[in-house]
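K.L.:
Take this structure first; my questions come after.
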Amino acid sequence: MDFSPADLFRSTKTGSRSSLDRVNKQLSASRGTFRQKVHIGVLVATVALVAYGAIIIWSASQFKADASFSRHLLGIGIGAVLAVLVWRTDLRGISNFSTALLVIDLIVIFSPKIPGLSYTGGLGMTGWIKIPGIGLTFQPVELAKLITIFFIATLGSQYNGRIDTVRDYVKLCGMLSIPFLAVVAMGDLGSGLVVLVSGAIVICMSGARREWVLSTLALLVGLVALVLALDSVFDSLLGHDVLIKQYQMNRLTVFIDPDNADSDDAYNLQQSLIAVGSGGFFGKGLGHATQSAGGFLPEFHTDFVFAFLSETFGFCGSFLLLCLYVLLIFSTIRVAFKCESLFLRLSCVGIVGMWAFQTFENIGMCIGITPVIGITLPFFSSGGSSNLCIYIAIGLVMSIYRCSQRGEVTNFRYNRISTPFN
């Protein structure tokens with residue numbers, strides 16, 4: 001049978017079209033599969049924040065040897081590996097092990113007290129461990145923040161979105177106080193507040209009533225006022241700090257009246273405010289942060305990294321930072337509310353609370369609207385322990401999203417969560 005050149009052309013054209021259709025279908029399927037496994041908003045925000053943080057640490061390393069850029073890159077690499085491993089982990093079974101989570105949480109918090117693990121960091125910092133054999137140092141309380149969130153989420157998910165009795169609410173608050181007081185007993189008030197706030201948000205989203213939450217806040221304010229009133233009395237009677245350490249009282253004094261305070265903390269805050277203000281609208285540019293280069297701004301690669309960023313990139317750089325955090329937080333909230341598993345939903349909300357509080361507190365203490373308590377800025381502050389746990393949290397969020405896309409739930413399904421804001 002003979003074929004004309006026109007028939008041959010039509011046959012070739014039809015074959016090419018079918019091949020292109022198959023390729024397009026495969027690409028569409030690949031994109032669909034990728035989007036089912038990875039939340040694009042969380043991924044974009046994370047990559048942007050990691051890149052932005054790397055630029056800031058590189059710039060800081062030009063002025064301060066402790067701000068090691070190579071160590072920061074190593075932390076990013078290890079953190080990415082951990083995030084992928086966690087992302088591929090099925091988290092659904094954790095909801096059945098609340099007691100085990102509490103035991104593990106306390107072991108992690110008190111691990112610096114274990115002989116052979118304790119390590120004293122720079123500037124006399126405690127609460128660190130040194131891993132035998134490899135010599136790496138780690139701050140266990142960073143991992144305890146995540147464990148506490150999952151612990152409270154396992155308890156909160158048992159109420160199926162509504163806490164009906166005051167007894168159950170008090171029980172949840174009492175369980176949260178255990179890791180909080182343990183962290184405070186280890187001398188880390190800042191991390192203790194992160195544990196308290198993130199856990200409290202989980203309890204609120206578990207269905208606590210508005211009047212219970214407001215009563216708890218009033219009680220906490222009263223307890224803080226009582227502690228402040230009795231602190232000087234106990235100190236004078238016993239001859240040493242009992243309730244509040246002197247450096248903590250200095251930080252509180254600086255926050256209340258920074259102009260009249262006379263301490264290193266007052267100096268730190270003043271230099272931070274100068275650095276933020278001197279950045280102007282566009283900043284001084286990379287390598288031209290004179291407050292940091294001149295040694296005036298202390299710890300600008302850790303606690304006061306936001307002040308360093310503001311001096312370098314000005315208002316525009318600070319606004320970009322806030323936009324990226326908003327994208328990350330709201331993308332994670334969307335992941336939470338698309339998940340049918342109440343346990344995974346509460347865990348996701350707790351992670352959001354941890355990020356939001358750390359970001360607010362770190363930026364706030366750099367501009368004088370919150371006390372200086374030494375909380376790191378996620379993705380930006382130099383420090384392997386903090387950043388590694390941030391990357392693990394990203395992996396947890398991605399894992400929760402993957403589980404929600406597969407439509408698989410735990411023993412407790414979501415019907416309707418009653419919160420104090422309903």
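Just remember, in the structure tokens the first chain shown is A, the second B, etc., residues are 1-based per chain, and ligands are 1-based in the order shown.
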Would you list, as a ChimeraX atom specification, the residues of region 174-379 of chain A that end up in helix (DSSP H, G or I) under DSSP run on this structure's backbone?
P.N.:
/A:174-185,189-205,210-238,246-256,264-278,290-293,305-337,342-367
K.L.:
When you look at Leu220 (chain A) with a cut-off of 12 Å (counting only C-alpha atoms), what residues show up, excluding the ones that are within fewer than 6 positions of it in the same chain? I need them as a ChimeraX atom specification.
P.N.:
/A:173,196,213-214,226-227
K.L.:
In terms of the shortest atom-to-atom distance over only C-alpha atoms, which of A:Pro179, A:Gly353, A:Gly187, A:Pro298 is closest to Val103 (chain A)?
P.N.:
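Of A:Pro179, A:Gly353, A:Gly187, A:Pro298, the one nearest Val103 (chain A), counting only C-alpha atoms, is A:Pro179.
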K.L.:
Write out as a tab-separated table a residue-level contact list of region 250-301 of chain A versus region 376-382 of chain A with cut-off 12 Å: for each qualifying residue the closest pair of atoms and the distance in Å to one decimal, counting only C-alpha atoms, rows sorted by chain and residue number upward.
P.N.:
```
residue	atom	partner	partner_atom	distance
A:Glu299	CA	A:Ser381	CA	9.6
A:Phe300	CA	A:Ser381	CA	8.6
A:His301	CA	A:Ser382	CA	5.7
```
K.L.:
Within 8 Å of region 198-207 of chain A, counting only C-alpha atoms, which residues qualify if same-chain residues fewer than 2 places away don't, as a VMD selection string?
P.N.:
chain A and resid 148 to 149 152 to 153 156 to 157 159 to 163 172 to 173 176 194 to 196 209 213 346 to 347 349 to 354 357 417 to 420
K.L.:
Got time to write the residues from that selection, C-alpha atoms, as a PDB file, in the first residue's frame?
P.N.:
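Written out: out38.pdb:
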```
ATOM      1  CA  THR A 148       5.776  19.863  74.691  1.00  0.00           C
ATOM      2  CA  ILE A 149       3.574  20.983  71.795  1.00  0.00           C
ATOM      3  CA  ILE A 152      -0.305  19.002  75.013  1.00  0.00           C
ATOM      4  CA  ALA A 153      -1.840  18.267  71.599  1.00  0.00           C
ATOM      5  CA  GLY A 156      -6.201  18.329  73.975  1.00  0.00           C
ATOM      6  CA  SER A 157      -7.294  16.099  71.097  1.00  0.00           C
ATOM      7  CA  TYR A 159     -11.798  16.353  74.069  1.00  0.00           C
ATOM      8  CA  ASN A 160     -12.854  16.337  70.393  1.00  0.00           C
ATOM      9  CA  GLY A 161     -12.869  20.121  70.055  1.00  0.00           C
ATOM     10  CA  ARG A 162     -14.648  21.129  73.268  1.00  0.00           C
ATOM     11  CA  ILE A 163     -13.569  21.126  76.914  1.00  0.00           C
ATOM     12  CA  LEU A 172      -4.593  20.537  80.919  1.00  0.00           C
ATOM     13  CA  CYS A 173      -3.122  23.681  82.474  1.00  0.00           C
ATOM     14  CA  LEU A 176       1.448  22.235  80.777  1.00  0.00           C
ATOM     15  CA  VAL A 194       7.948  29.876  74.646  1.00  0.00           C
ATOM     16  CA  VAL A 195       6.834  26.529  76.086  1.00  0.00           C
ATOM     17  CA  LEU A 196       4.074  28.207  78.105  1.00  0.00           C
ATOM     18  CA  ARG A 209     -14.070  28.589  77.238  1.00  0.00           C
ATOM     19  CA  VAL A 213      -8.891  31.702  79.645  1.00  0.00           C
ATOM     20  CA  LEU A 346      -3.497  21.205  67.335  1.00  0.00           C
ATOM     21  CA  SER A 347       0.170  20.308  66.825  1.00  0.00           C
ATOM     22  CA  VAL A 349      -1.299  25.446  65.669  1.00  0.00           C
ATOM     23  CA  GLY A 350       1.185  24.985  68.516  1.00  0.00           C
ATOM     24  CA  ILE A 351       4.088  25.288  66.078  1.00  0.00           C
ATOM     25  CA  VAL A 352       2.543  28.493  64.712  1.00  0.00           C
ATOM     26  CA  GLY A 353       2.305  29.826  68.266  1.00  0.00           C
ATOM     27  CA  MET A 354       5.961  29.021  68.901  1.00  0.00           C
ATOM     28  CA  PHE A 357       5.849  34.327  69.926  1.00  0.00           C
ATOM     29  CA  ILE A 417     -13.441  23.262  67.436  1.00  0.00           C
ATOM     30  CA  SER A 418     -14.802  25.557  70.101  1.00  0.00           C
ATOM     31  CA  THR A 419     -12.285  28.253  71.002  1.00  0.00           C
ATOM     32  CA  PRO A 420     -12.395  31.269  73.310  1.00  0.00           C
TER      33      PRO A 420
END
```
K.L.:
May I ask for the distance between CA of Ile78 (chain A) and CA of Asn96 (chain A), given in Å to one decimal place?
P.N.:
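Taking CA of Ile78 (chain A) and CA of Asn96 (chain A), their separation equals 29.2 Å.
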K.L.:
Could you check which of A:Ala182, A:Val197, A:Ala356, A:Leu396 is closest to Asp105 (chain A), using only C-alpha atoms?
P.N.:
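Closest candidate: A:Ala182.
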K.L.:
Would you mind telling me which residue in A:Arg402, A:Lys145, A:Lys130, A:His288 lies nearest to Ala336 (chain A) when using only C-alpha atoms?
P.N.:
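Closest to Ala336 (chain A) of all the choices is A:Arg402.
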K.L.:
Counting only C-alpha atoms, what is within 8 Å of Phe150 (chain A), bar same-chain residues fewer than 5 positions away, as a PDB file with N, CA and C atoms, in the first residue's frame?
P.N.:
```pdb
ATOM      1  N   ILE A  94       1.540   9.176  67.178  1.00  0.00           N
ATOM      2  CA  ILE A  94       2.066   9.841  68.374  1.00  0.00           C
ATOM      3  C   ILE A  94       0.949  10.166  69.363  1.00  0.00           C
ATOM      4  N   SER A  95      -0.265  10.356  68.853  1.00  0.00           N
ATOM      5  CA  SER A  95      -1.373  10.784  69.714  1.00  0.00           C
ATOM      6  C   SER A  95      -1.713   9.756  70.788  1.00  0.00           C
ATOM      7  N   LEU A 101       5.532  10.851  75.925  1.00  0.00           N
ATOM      8  CA  LEU A 101       5.996  12.176  75.501  1.00  0.00           C
ATOM      9  C   LEU A 101       6.402  13.023  76.697  1.00  0.00           C
ATOM     10  N   SER A 347      -1.290  20.277  66.891  1.00  0.00           N
ATOM     11  CA  SER A 347       0.170  20.308  66.825  1.00  0.00           C
ATOM     12  C   SER A 347       0.640  21.417  65.899  1.00  0.00           C
TER      13      SER A 347
END
```
K.L.:
Measuring between only C-alpha atoms, which one of A:Leu228, A:Ala54, A:Val38, A:Leu269 shows the shortest distance to Phe296 (chain A)?
P.N.:
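Answer, going by the shortest atom-to-atom distance: A:Leu269.
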K.L.:
So how many Å separate CA of Asn387 (chain A) and CA of Tyr267 (chain A), to one decimal?
P.N.:
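A separation of 27.5 Å between them.
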K.L.:
Compare A:Ala275, A:Met175, A:Leu344, A:Ala67 by their minimum atom-to-atom distance to Gly93 (chain A), counting only C-alpha atoms, and give me the closest one.
P.N.:
A:Leu344
